[in-house]
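Undergrad: I have a structure I would like to understand better, so I am pasting it below and will then ask my questions one at a time.
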Amino acid sequence: MARIRRLAPITRIRFVDSNGVEVGVMPLPVPRSRRKLDHTEWNRDKSIRRFLWYLSRCDIDGLDAATDALIRLDCLGDALKNCLMGPVPNLRKLEALLHLWNSRGLWSVPRALKDDLCLFTDAIRCFAPPYIGDELTLYRGQSRTKHENGIYGIAWTSRYEIAEQFSGLRDTPGIVVKVDASQDMILAHLPDFISTRKTDPANKLEYEDEYLLDPRQLVGRVTAAN
């Protein structure tokens, strides 16, 4: 039986003054052991089967290896299409997908899916319970050229300063954009489902307060925030 790795809770050191009043919190990185899987011999069918297997068990290490194989074989989109089965909502599969996005959503997953990034949001919508909350103004840092062409990614934040950081990570001039996101536009709020350094509000420098949106619902609704 495969060993399933779940991320450990975040450990924090709390600082108090002489009166016992808390004056600060410092999160500590949690050491973890990684199991390495050799996927170099996996073909397309085996890689997709492994992806579905690890996804259903929220096996993060296995899912990483399967994703590497799918990217190598250029069939991550096929795996995402095939995973849309079984009872829904499914919090275990949702957690696995959100961990995958949290660790690889900046570059490898979007680059692998290219114009089919909505396949990832379709999987999130399939397994996530409906978002319940008020309309929010959300921000995103991205290239100015893509904004001018009406092209947007799926990751957004309530924190303008985080979006501003991401706008500076582009090869071309960046921009911060915003959208008034209604309840039906929001697929998932990551801190509601997974615990990492980037989803911990106490970690103010890295806390992204990230929301995933369906890019197909953004047409005509996004404006420049700066």
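Letters A, B, ... go to the chains of the structure tokens in the order shown; residues in each chain start at 1; ligands are counted from 1 in the same order.
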Could you pull out the strand (DSSP E or B) residues of stretch 48-202 of chain A, going by DSSP on the backbone, and write them as an NGL selection string?

TA: :A and (136-143 or 155-157 or 174-181 or 186-189)

Undergrad: Please report the interatomic distance between atom CA of A:Tyr207 and atom CA of A:Ile186 in Å with one decimal.

TA: 18.6 Å

Undergrad: Take atom CA of A:Gly133 and atom CA of A:Ser56 and report the distance between them in Å, one decimal.

TA: 27.6 Å

Undergrad: Between atom CA of A:Ser47 and atom CA of A:Ala128, what is the distance in Å, rounded to a tenth?

TA: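 Pair atom CA of A:Ser47 / atom CA of A:Ala128 returns 24.1 Å.
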
Undergrad: For A:Ala123, please output as an MDAnalysis selection string all residues within 12 Å (counting only C-alpha atoms; exclusion window: fewer than 6 positions along the same chain).

TA: chainID A and resid 55 77:86 88:91 93:98 101 117 129 187:188 212 214

Undergrad: Dump as JSON lines the rows for residues of stretch 101-211 of chain A within 10 Å of stretch 57-75 of chain A: closest atom pair and distance in Å with one decimal, only C-alpha atoms counted, ordered by chain and rising residue number.

TA:
{"residue": "A:Ser103", "atom": "CA", "partner": "A:Asp64", "partner_atom": "CA", "distance": 9.5}
{"residue": "A:Arg104", "atom": "CA", "partner": "A:Asp64", "partner_atom": "CA", "distance": 9.3}
{"residue": "A:Ser108", "atom": "CA", "partner": "A:Ile71", "partner_atom": "CA", "distance": 8.2}
{"residue": "A:Val109", "atom": "CA", "partner": "A:Ile71", "partner_atom": "CA", "distance": 8.2}
{"residue": "A:Arg111", "atom": "CA", "partner": "A:Ile71", "partner_atom": "CA", "distance": 9.2}
{"residue": "A:Ala112", "atom": "CA", "partner": "A:Ile71", "partner_atom": "CA", "distance": 6.0}
{"residue": "A:Leu113", "atom": "CA", "partner": "A:Asp74", "partner_atom": "CA", "distance": 8.5}

Undergrad: Produce a file of the selected residues containing C-alpha atoms, as a PDB file, in the first residue's frame.

TA:
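Heads up, here's the output in out.pdb:
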ATOM      1  CA  SER A 103       3.197  24.433  -5.432  1.00  0.00           C
ATOM      2  CA  ARG A 104       3.158  24.510  -9.253  1.00  0.00           C
ATOM      3  CA  SER A 108       4.580  24.523 -14.764  1.00  0.00           C
ATOM      4  CA  VAL A 109       0.824  23.853 -14.721  1.00  0.00           C
ATOM      5  CA  ARG A 111       2.626  26.350 -19.248  1.00  0.00           C
ATOM      6  CA  ALA A 112       1.652  22.695 -19.644  1.00  0.00           C
ATOM      7  CA  LEU A 113      -2.035  23.476 -20.218  1.00  0.00           C
TER       8      LEU A 113
END

Undergrad: Can you tell me which residues surround stretch 160-163 of chain A at a distance of at most 6 Å, considering only C-alpha atoms, apart from same-chain residues fewer than 5 positions away, and format the answer as a list of chain:residue names?

TA: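 Surrounding residues, per the criterion: A:Tyr139, A:Arg140, A:Gly141.
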
Undergrad: Which residues are close to A:Arg221, i.e. within 10 Å by only C-alpha atoms, leaving aside same-chain residues fewer than 2 positions away? Reply as a short mmCIF file (atom, residue, chain, number, x, y, z; two decimals) with all heavy atoms, in the first residue's frame.

TA:
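Printed below is around-v3.cif as written:
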data_model
loop_
_atom_site.label_atom_id
_atom_site.label_comp_id
_atom_site.auth_asym_id
_atom_site.auth_seq_id
_atom_site.Cartn_x
_atom_site.Cartn_y
_atom_site.Cartn_z
N GLY A 150 -7.01 40.93 -23.10
CA GLY A 150 -8.12 40.29 -22.39
C GLY A 150 -7.84 38.87 -21.96
O GLY A 150 -8.75 38.04 -21.87
N LYS A 178 -7.90 44.26 -11.52
CA LYS A 178 -8.87 43.94 -10.48
C LYS A 178 -10.19 43.52 -11.11
O LYS A 178 -10.49 43.85 -12.26
CB LYS A 178 -9.09 45.12 -9.54
CG LYS A 178 -9.75 46.33 -10.19
CD LYS A 178 -9.97 47.45 -9.18
CE LYS A 178 -10.65 48.64 -9.81
NZ LYS A 178 -10.92 49.73 -8.84
N VAL A 179 -10.98 42.81 -10.31
CA VAL A 179 -12.31 42.40 -10.75
C VAL A 179 -13.21 42.33 -9.53
O VAL A 179 -12.77 41.98 -8.43
CB VAL A 179 -12.27 41.02 -11.45
CG1 VAL A 179 -11.86 39.91 -10.49
CG2 VAL A 179 -13.61 40.70 -12.10
N ASP A 180 -14.46 42.73 -9.69
CA ASP A 180 -15.46 42.55 -8.64
C ASP A 180 -16.06 41.16 -8.85
O ASP A 180 -16.89 40.96 -9.74
CB ASP A 180 -16.53 43.64 -8.72
CG ASP A 180 -15.97 45.02 -8.38
OD1 ASP A 180 -15.07 45.09 -7.52
OD2 ASP A 180 -16.42 46.02 -8.96
N ALA A 181 -15.59 40.22 -8.04
CA ALA A 181 -15.95 38.81 -8.23
C ALA A 181 -17.22 38.46 -7.47
O ALA A 181 -17.26 38.56 -6.24
CB ALA A 181 -14.80 37.92 -7.77
N GLN A 217 -15.34 33.55 -17.15
CA GLN A 217 -16.31 34.49 -16.60
C GLN A 217 -15.73 35.88 -16.38
O GLN A 217 -16.41 36.76 -15.83
CB GLN A 217 -16.85 33.95 -15.28
CG GLN A 217 -17.69 32.68 -15.43
CD GLN A 217 -18.29 32.24 -14.10
OE1 GLN A 217 -17.68 31.52 -13.34
NE2 GLN A 217 -19.49 32.70 -13.83
N LEU A 218 -14.49 36.09 -16.81
CA LEU A 218 -13.83 37.36 -16.58
C LEU A 218 -13.95 38.33 -17.75
O LEU A 218 -13.59 39.50 -17.63
CB LEU A 218 -12.34 37.13 -16.28
CG LEU A 218 -12.04 36.31 -15.02
CD1 LEU A 218 -10.55 36.00 -14.93
CD2 LEU A 218 -12.51 37.04 -13.77
N VAL A 219 -14.47 37.85 -18.86
CA VAL A 219 -14.53 38.66 -20.07
C VAL A 219 -15.33 39.94 -19.83
O VAL A 219 -16.48 39.90 -19.40
CB VAL A 219 -15.14 37.86 -21.24
CG1 VAL A 219 -15.24 38.74 -22.48
CG2 VAL A 219 -14.31 36.61 -21.52
N THR A 223 -10.50 45.36 -14.93
CA THR A 223 -9.96 46.69 -15.21
C THR A 223 -8.60 46.83 -14.54
O THR A 223 -8.23 46.06 -13.64
CB THR A 223 -10.90 47.79 -14.67
OG1 THR A 223 -11.06 47.62 -13.25
CG2 THR A 223 -12.25 47.74 -15.35
#
